[in-house]
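Data from coords08.txt: compact mmCIF, C-alpha atoms
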```txt
# COMPACT_ATOMS: atom_id res chain seq x y z
CA MET T 26 -34.73 21.01 -102.47
CA LEU T 27 -31.16 21.98 -101.59
CA LYS T 28 -29.01 19.59 -99.61
CA ALA T 29 -27.57 21.47 -96.64
CA ALA T 30 -24.82 20.93 -94.10
CA LEU T 31 -24.24 22.77 -90.83
CA ILE T 32 -20.66 23.51 -89.81
CA GLY T 33 -20.47 24.36 -86.12
CA TYR T 34 -22.88 22.87 -83.58
CA GLY T 35 -21.99 25.24 -80.74
CA TYR T 36 -24.11 27.98 -79.18
CA TRP T 37 -26.24 28.97 -82.20
CA GLY T 38 -25.71 25.91 -84.39
CA PRO T 39 -28.55 23.83 -82.87
CA ASN T 40 -31.04 26.57 -83.81
CA ILE T 41 -29.83 26.65 -87.39
CA ALA T 42 -29.88 22.84 -87.64
CA ARG T 43 -33.43 22.71 -86.29
CA ASN T 44 -34.66 25.28 -88.81
CA LEU T 45 -32.90 23.59 -91.72
CA ALA T 46 -34.44 20.25 -90.71
CA ARG T 47 -37.92 21.79 -90.56
CA SER T 48 -37.62 23.71 -93.84
CA GLN T 49 -39.35 22.53 -96.98
CA ASP T 50 -36.61 24.15 -99.08
CA TYR T 51 -33.63 22.35 -97.56
CA GLU T 52 -32.68 18.83 -96.58
CA LEU T 53 -30.25 18.76 -93.66
CA VAL T 54 -27.83 15.99 -94.62
CA ALA T 55 -24.77 16.62 -92.41
CA ILE T 56 -23.67 18.25 -89.17
CA CYS T 57 -20.00 19.03 -88.71
CA ASP T 58 -18.16 19.89 -85.50
CA LYS T 59 -14.63 19.04 -84.41
CA ASP T 60 -15.84 18.42 -80.84
CA PRO T 61 -17.13 14.83 -80.47
CA GLY T 62 -19.27 15.96 -77.54
CA GLN T 63 -21.14 18.43 -79.72
CA LEU T 64 -21.70 15.78 -82.38
CA ALA T 65 -23.06 13.47 -79.67
CA LYS T 66 -25.54 16.18 -78.65
CA ALA T 67 -26.61 16.58 -82.27
CA ARG T 68 -27.10 12.82 -82.63
CA LEU T 69 -29.51 12.86 -79.68
CA VAL T 70 -31.69 15.29 -81.65
CA PHE T 71 -31.33 14.07 -85.24
CA GLY T 72 -30.51 10.37 -84.81
CA ASP T 73 -29.46 8.64 -87.99
CA SER T 74 -31.18 11.15 -90.29
CA VAL T 75 -27.93 13.07 -90.94
CA ALA T 76 -24.21 12.33 -91.25
CA TYR T 77 -21.90 13.48 -88.44
CA VAL T 78 -18.54 14.81 -89.55
CA ALA T 79 -15.51 16.07 -87.59
CA ASP T 80 -13.57 17.70 -90.45
CA TYR T 81 -15.31 20.53 -92.31
CA ARG T 82 -13.30 19.75 -95.45
CA ALA T 83 -15.23 16.52 -95.88
CA VAL T 84 -18.44 18.56 -96.07
CA VAL T 85 -16.96 21.20 -98.36
CA ASP T 86 -15.60 18.54 -100.71
CA ASP T 87 -18.91 16.63 -100.90
CA ALA T 88 -20.35 17.40 -104.34
CA ALA T 89 -23.82 16.28 -103.22
CA ILE T 90 -24.10 19.19 -100.76
CA ASP T 91 -25.51 22.41 -102.23
CA MET T 92 -25.13 24.82 -99.32
CA CYS T 93 -23.39 25.15 -95.99
CA ALA T 94 -24.48 27.02 -92.90
CA VAL T 95 -21.46 28.23 -90.95
CA ALA T 96 -21.82 29.03 -87.24
CA LEU T 97 -18.24 29.39 -86.03
CA ARG T 98 -16.05 31.95 -84.32
CA ASP T 99 -14.77 34.59 -86.70
CA ALA T 100 -11.16 33.44 -87.07
CA ILE T 101 -11.98 29.89 -88.19
CA GLY T 102 -15.31 30.99 -89.67
CA GLN T 103 -13.55 33.06 -92.33
CA GLU T 104 -11.38 30.14 -93.40
CA VAL T 105 -14.39 27.82 -93.62
CA ALA T 106 -16.57 30.39 -95.41
CA ARG T 107 -13.93 30.87 -98.09
CA ALA T 108 -13.62 27.13 -98.59
CA VAL T 109 -17.41 26.81 -98.91
CA LEU T 110 -17.57 29.53 -101.56
CA ARG T 111 -14.59 28.17 -103.48
CA SER T 112 -16.40 24.81 -103.64
CA LYS T 113 -19.32 26.62 -105.36
CA LYS T 114 -21.74 26.05 -102.50
CA HIS T 115 -24.20 28.65 -101.22
CA LEU T 116 -23.24 30.09 -97.84
CA PHE T 117 -25.45 30.87 -94.85
CA MET T 118 -23.20 32.75 -92.44
CA GLU T 119 -23.88 33.41 -88.79
CA LYS T 120 -23.17 37.08 -88.08
CA PRO T 121 -20.89 38.84 -88.23
CA MET T 122 -20.07 37.99 -91.83
CA ALA T 123 -16.60 39.42 -91.20
CA THR T 124 -14.90 41.83 -88.83
CA THR T 125 -12.94 43.68 -91.53
CA LEU T 126 -14.07 45.19 -94.81
CA SER T 127 -11.35 43.34 -96.71
CA ASP T 128 -12.59 39.98 -95.40
CA ALA T 129 -16.19 40.82 -96.35
CA LEU T 130 -15.16 41.95 -99.84
CA LEU T 131 -13.17 38.77 -100.35
CA LEU T 132 -16.22 36.65 -99.49
CA GLN T 133 -18.30 38.73 -101.93
CA LYS T 134 -15.70 38.28 -104.66
CA LEU T 135 -15.55 34.51 -104.10
CA ALA T 136 -19.35 34.21 -104.17
CA GLU T 137 -19.58 36.17 -107.42
CA ALA T 138 -16.80 34.12 -109.02
CA SER T 139 -18.52 30.86 -108.02
CA GLY T 140 -22.04 32.03 -108.93
CA VAL T 141 -23.44 31.35 -105.46
CA HIS T 142 -25.23 33.37 -102.79
CA ILE T 143 -24.27 34.51 -99.29
CA HIS T 144 -26.92 35.09 -96.65
CA VAL T 145 -25.92 36.59 -93.29
CA ASP T 146 -28.04 35.68 -90.29
CA HIS T 147 -29.50 39.06 -89.28
CA ILE T 148 -32.61 37.45 -87.86
CA LEU T 149 -34.21 40.55 -86.37
CA VAL T 150 -35.09 42.01 -89.78
CA PHE T 151 -37.54 39.10 -90.09
CA HIS T 152 -39.18 39.77 -86.72
CA PRO T 153 -42.90 40.66 -87.02
CA ILE T 154 -42.44 43.84 -84.96
CA ILE T 155 -39.66 45.10 -87.23
CA ARG T 156 -41.78 44.24 -90.28
CA LYS T 157 -44.67 46.21 -88.74
CA ILE T 158 -42.43 49.21 -88.09
CA LYS T 159 -41.30 49.16 -91.72
CA ALA T 160 -44.92 49.04 -92.91
CA ILE T 161 -45.77 52.06 -90.73
CA ILE T 162 -42.76 53.98 -92.07
CA GLU T 163 -43.64 53.15 -95.67
CA SER T 164 -47.27 54.19 -95.14
CA GLY T 165 -46.08 57.75 -94.52
CA GLU T 166 -47.92 57.89 -91.20
CA LEU T 167 -44.79 59.08 -89.37
CA GLY T 168 -43.73 61.64 -91.96
CA GLU T 169 -40.05 62.12 -92.79
CA LEU T 170 -37.82 60.28 -90.35
CA ILE T 171 -34.71 62.14 -89.32
CA SER T 172 -33.37 60.13 -86.39
CA PHE T 173 -33.29 56.62 -84.96
CA GLU T 174 -32.14 55.59 -81.49
CA SER T 175 -31.35 52.13 -80.17
CA ASN T 176 -30.18 50.99 -76.77
CA ARG T 177 -28.71 47.73 -75.53
CA ALA T 178 -28.91 47.41 -71.77
CA ASN T 179 -27.17 44.05 -71.37
CA LEU T 180 -24.94 41.61 -73.20
CA GLY T 181 -27.52 38.83 -73.46
CA PRO T 182 -27.43 35.31 -72.05
CA HIS T 183 -24.18 34.28 -73.74
CA ILE T 184 -21.10 36.51 -73.70
CA LYS T 185 -18.77 35.72 -76.60
CA ARG T 186 -15.08 35.90 -75.83
CA ASP T 187 -13.85 36.19 -79.42
CA MET T 188 -15.57 39.50 -80.22
CA ASN T 189 -16.94 42.58 -78.55
CA ALA T 190 -20.49 43.84 -78.10
CA MET T 191 -20.28 45.91 -81.28
CA TRP T 192 -19.75 42.87 -83.50
CA ASP T 193 -22.04 40.58 -81.52
CA LEU T 194 -24.99 42.84 -80.68
CA ALA T 195 -24.86 46.28 -82.30
CA VAL T 196 -24.79 44.65 -85.74
CA HIS T 197 -28.44 43.71 -85.13
CA ASP T 198 -29.36 47.37 -84.67
CA LEU T 199 -27.39 48.38 -87.76
CA ALA T 200 -29.03 45.63 -89.83
CA ILE T 201 -32.47 46.79 -88.67
CA LEU T 202 -31.64 50.40 -89.51
CA ASP T 203 -30.40 49.39 -92.97
CA TYR T 204 -33.62 47.41 -93.53
CA LEU T 205 -35.90 50.21 -92.35
CA CYS T 206 -34.08 52.75 -94.52
CA ASN T 207 -34.06 50.51 -97.62
CA GLY T 208 -30.28 50.58 -97.72
CA GLN T 209 -30.10 54.37 -97.98
CA PRO T 210 -26.89 55.84 -96.55
CA VAL T 211 -26.97 57.14 -92.99
CA ARG T 212 -25.45 60.61 -92.69
CA LYS T 213 -24.29 60.47 -89.11
CA VAL T 214 -23.90 57.84 -86.40
CA GLU T 215 -23.20 58.54 -82.74
CA CYS T 216 -22.29 55.71 -80.42
CA MET T 217 -21.58 55.47 -76.71
CA GLY T 218 -20.31 52.38 -74.94
CA GLN T 219 -19.36 51.43 -71.43
CA LYS T 220 -16.98 48.74 -70.29
CA GLN T 221 -18.22 46.40 -67.60
CA PHE T 222 -16.24 46.49 -64.38
CA GLY T 223 -13.82 43.58 -64.24
CA GLN T 224 -14.13 42.71 -67.94
```

Now that the file is in, can you turn its structure into structure tokens?
Amino acid sequence: MLKAALIGYGYWGPNIARNLARSQDYELVAICDKDPGQLAKARLVFGDSVAYVADYRAVVDDAAIDMCAVALRDAIGQEVARAVLRSKKHLFMEKPMATTLSDALLLQKLAEASGVHIHVDHILVFHPIIRKIKAIIESGELGELISFESNRANLGPHIKRDMNAMWDLAVHDLAILDYLCNGQPVRKVECMGQKQFGQ
């Protein structure tokens, strides 16, 4: 059983913490957030079963911790992710993994050098409906697929201010497409977006 720490108990962090605590493969041992109010919220859920830490470096430097789940905004998330990988800990990264190719390649290079794994939280590829669609495709029932279409009609319940809809939402559709196509290259992508009035 891997000892796990969560760094970032903001919007999505409570979901990750809950799943780590319920897992039979991980033991949630620490929750880290620089906001004392967020740590207080976590304590209401997890009591004394985990340590509460304000500085992520204390978690990264703890040799007893095997993996870190990072759920932070991209700018600070990159810094923390690099520190996690350099400390030879496995990394669970809330999407997006990075917003530039160079940042993503650096994380890959660090993981390979440290002999650890990175998992990016593209949760929809695990959804039963998406799994069913893949099974139908692989059965040959639909024949050769030549086109996919996806549509996002709203921005969801929580609008992030540090990234746009492409990085926050469209990445789900791209991850699903990659999964359904077994990682085969897509020949052409067309995209249309619309800015909300007043945004």

Q) What separation in Å, quoted to one decimal, exists between atom CA of T:Val54 and atom CA of T:Met26? A) 11.6 Å

Q | Close residues, T:Leu64 itself excluded, 10 Å, all atoms listed in the file, min 3 positions apart in chain, as a PyMOL selection string | A | chain T and resi 33-35+56-61+67-69+76-79

Can you list every residue of stretch 92-111 of chain T that has an atom at most 12 Å from stretch 143-153 of chain T, with its nearest atom pair and the distance in Å to one decimal, using only C-alpha atoms, ordered by chain then number, as CSV?
```
residue,atom,partner,partner_atom,distance
T:Met92,CA,T:Ile143,CA,9.7
T:Cys93,CA,T:Ile143,CA,10.0
T:Ala94,CA,T:His144,CA,9.2
T:Val95,CA,T:Val145,CA,9.8
T:Ala96,CA,T:Asp146,CA,9.6
T:Ala106,CA,T:Ile143,CA,9.6
T:Arg107,CA,T:Ile143,CA,11.0
T:Val109,CA,T:Ile143,CA,10.3
T:Leu110,CA,T:Ile143,CA,8.7
```

Q: Have a look at atom CA of T:Ile32 and atom CA of T:Ala89 and let me know their distance in Å, one decimal.
A: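 Calculated distance between atom CA of T:Ile32 and atom CA of T:Ala89 is 15.6 Å.
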
Q.
For T:Tyr51, find every residue with an atom within 12 Å (counting only C-alpha atoms), except residues of its own chain fewer than 6 positions away, and show them as a VMD selection string.
A. chain T and resid 26 to 31 41 to 45 90 to 94 115

Q) By how many Å are atom CA of T:Val85 and atom CA of T:Asp50 apart? A)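 According to the coordinates, atom CA of T:Val85 and atom CA of T:Asp50 are separated by 19.9 Å.
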
Q: Could you tell me which of T:Met118, T:Val141, T:Val211, T:Leu131 comes closest to T:Leu170 if we count all atoms listed in the file?
A: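 Using all atoms listed in the file, the shortest distance to T:Leu170 belongs to T:Val211.
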
**Q.** Closest of T:Gly62, T:His197, T:Ala123, T:Lys114 to T:Asp87 - atom-to-atom distances counting all atoms listed in the file
**A.** T:Lys114

Atoms are missing here; could stretch 60-71 of chain T be completed with all heavy atoms and written as an mmCIF file, keeping the file's coordinate frame?
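out-v6.cif, written as the output of this step:
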```cif
data_model
loop_
_atom_site.group_PDB
_atom_site.id
_atom_site.type_symbol
_atom_site.label_atom_id
_atom_site.label_comp_id
_atom_site.auth_asym_id
_atom_site.auth_seq_id
_atom_site.Cartn_x
_atom_site.Cartn_y
_atom_site.Cartn_z
ATOM 1 N N ASP T 60 -15.677 18.903 -82.216
ATOM 2 C CA ASP T 60 -15.840 18.420 -80.840
ATOM 3 C C ASP T 60 -16.782 17.208 -80.839
ATOM 4 O O ASP T 60 -17.966 17.338 -81.136
ATOM 5 C CB ASP T 60 -16.423 19.545 -79.981
ATOM 6 C CG ASP T 60 -16.581 19.157 -78.519
ATOM 7 O OD1 ASP T 60 -16.540 17.947 -78.197
ATOM 8 O OD2 ASP T 60 -16.771 20.063 -77.689
ATOM 9 N N PRO T 61 -16.272 16.025 -80.485
ATOM 10 C CA PRO T 61 -17.130 14.830 -80.470
ATOM 11 C C PRO T 61 -18.324 14.975 -79.531
ATOM 12 O O PRO T 61 -19.392 14.424 -79.796
ATOM 13 C CB PRO T 61 -16.183 13.715 -79.976
ATOM 14 C CG PRO T 61 -14.808 14.221 -80.230
ATOM 15 C CD PRO T 61 -14.877 15.709 -80.111
ATOM 16 N N GLY T 62 -18.166 15.741 -78.465
ATOM 17 C CA GLY T 62 -19.270 15.960 -77.540
ATOM 18 C C GLY T 62 -20.417 16.713 -78.182
ATOM 19 O O GLY T 62 -21.587 16.407 -77.930
ATOM 20 N N GLN T 63 -20.091 17.680 -79.022
ATOM 21 C CA GLN T 63 -21.140 18.430 -79.720
ATOM 22 C C GLN T 63 -21.850 17.540 -80.748
ATOM 23 O O GLN T 63 -23.065 17.621 -80.917
ATOM 24 C CB GLN T 63 -20.552 19.667 -80.402
ATOM 25 C CG GLN T 63 -20.055 20.722 -79.425
ATOM 26 C CD GLN T 63 -21.144 21.203 -78.490
ATOM 27 O OE1 GLN T 63 -21.114 20.914 -77.293
ATOM 28 N NE2 GLN T 63 -22.118 21.907 -79.019
ATOM 29 N N LEU T 64 -21.085 16.704 -81.421
ATOM 30 C CA LEU T 64 -21.700 15.780 -82.380
ATOM 31 C C LEU T 64 -22.614 14.784 -81.659
ATOM 32 O O LEU T 64 -23.677 14.413 -82.172
ATOM 33 C CB LEU T 64 -20.629 15.043 -83.186
ATOM 34 C CG LEU T 64 -19.844 15.888 -84.187
ATOM 35 C CD1 LEU T 64 -18.802 15.018 -84.899
ATOM 36 C CD2 LEU T 64 -20.763 16.561 -85.193
ATOM 37 N N ALA T 65 -22.220 14.385 -80.458
ATOM 38 C CA ALA T 65 -23.060 13.470 -79.670
ATOM 39 C C ALA T 65 -24.374 14.153 -79.304
ATOM 40 O O ALA T 65 -25.444 13.529 -79.333
ATOM 41 C CB ALA T 65 -22.317 13.024 -78.421
ATOM 42 N N LYS T 66 -24.310 15.428 -78.953
ATOM 43 C CA LYS T 66 -25.540 16.180 -78.650
ATOM 44 C C LYS T 66 -26.437 16.262 -79.873
ATOM 45 O O LYS T 66 -27.655 16.117 -79.776
ATOM 46 C CB LYS T 66 -25.186 17.593 -78.171
ATOM 47 C CG LYS T 66 -24.556 17.651 -76.803
ATOM 48 C CD LYS T 66 -24.215 19.092 -76.442
ATOM 49 C CE LYS T 66 -23.483 19.173 -75.117
ATOM 50 N NZ LYS T 66 -23.081 20.565 -74.798
ATOM 51 N N ALA T 67 -25.826 16.498 -81.033
ATOM 52 C CA ALA T 67 -26.610 16.580 -82.270
ATOM 53 C C ALA T 67 -27.275 15.244 -82.573
ATOM 54 O O ALA T 67 -28.439 15.196 -82.995
ATOM 55 C CB ALA T 67 -25.711 17.004 -83.424
ATOM 56 N N ARG T 68 -26.547 14.162 -82.350
ATOM 57 C CA ARG T 68 -27.100 12.820 -82.630
ATOM 58 C C ARG T 68 -28.320 12.531 -81.770
ATOM 59 O O ARG T 68 -29.253 11.850 -82.204
ATOM 60 C CB ARG T 68 -26.024 11.764 -82.432
ATOM 61 C CG ARG T 68 -26.447 10.378 -82.902
ATOM 62 C CD ARG T 68 -25.348 9.355 -82.680
ATOM 63 N NE ARG T 68 -24.202 9.581 -83.531
ATOM 64 C CZ ARG T 68 -24.111 9.142 -84.787
ATOM 65 N NH1 ARG T 68 -25.112 8.467 -85.336
ATOM 66 N NH2 ARG T 68 -23.011 9.363 -85.491
ATOM 67 N N LEU T 69 -28.349 13.050 -80.550
ATOM 68 C CA LEU T 69 -29.510 12.860 -79.680
ATOM 69 C C LEU T 69 -30.761 13.507 -80.267
ATOM 70 O O LEU T 69 -31.872 13.061 -80.029
ATOM 71 C CB LEU T 69 -29.239 13.449 -78.289
ATOM 72 C CG LEU T 69 -28.214 12.704 -77.421
ATOM 73 C CD1 LEU T 69 -27.943 13.478 -76.135
ATOM 74 C CD2 LEU T 69 -28.696 11.292 -77.115
ATOM 75 N N VAL T 70 -30.557 14.570 -81.046
ATOM 76 C CA VAL T 70 -31.690 15.290 -81.650
ATOM 77 C C VAL T 70 -32.073 14.705 -83.005
ATOM 78 O O VAL T 70 -33.250 14.490 -83.301
ATOM 79 C CB VAL T 70 -31.353 16.794 -81.816
ATOM 80 C CG1 VAL T 70 -32.495 17.535 -82.506
ATOM 81 C CG2 VAL T 70 -31.031 17.424 -80.462
ATOM 82 N N PHE T 71 -31.065 14.428 -83.839
ATOM 83 C CA PHE T 71 -31.330 14.070 -85.240
ATOM 84 C C PHE T 71 -31.137 12.591 -85.556
ATOM 85 O O PHE T 71 -31.439 12.154 -86.671
ATOM 86 C CB PHE T 71 -30.457 14.930 -86.164
ATOM 87 C CG PHE T 71 -30.736 16.397 -86.042
ATOM 88 C CD1 PHE T 71 -29.920 17.211 -85.278
ATOM 89 C CD2 PHE T 71 -31.839 16.959 -86.661
ATOM 90 C CE1 PHE T 71 -30.176 18.557 -85.143
ATOM 91 C CE2 PHE T 71 -32.114 18.305 -86.535
ATOM 92 C CZ PHE T 71 -31.283 19.111 -85.769
#
```
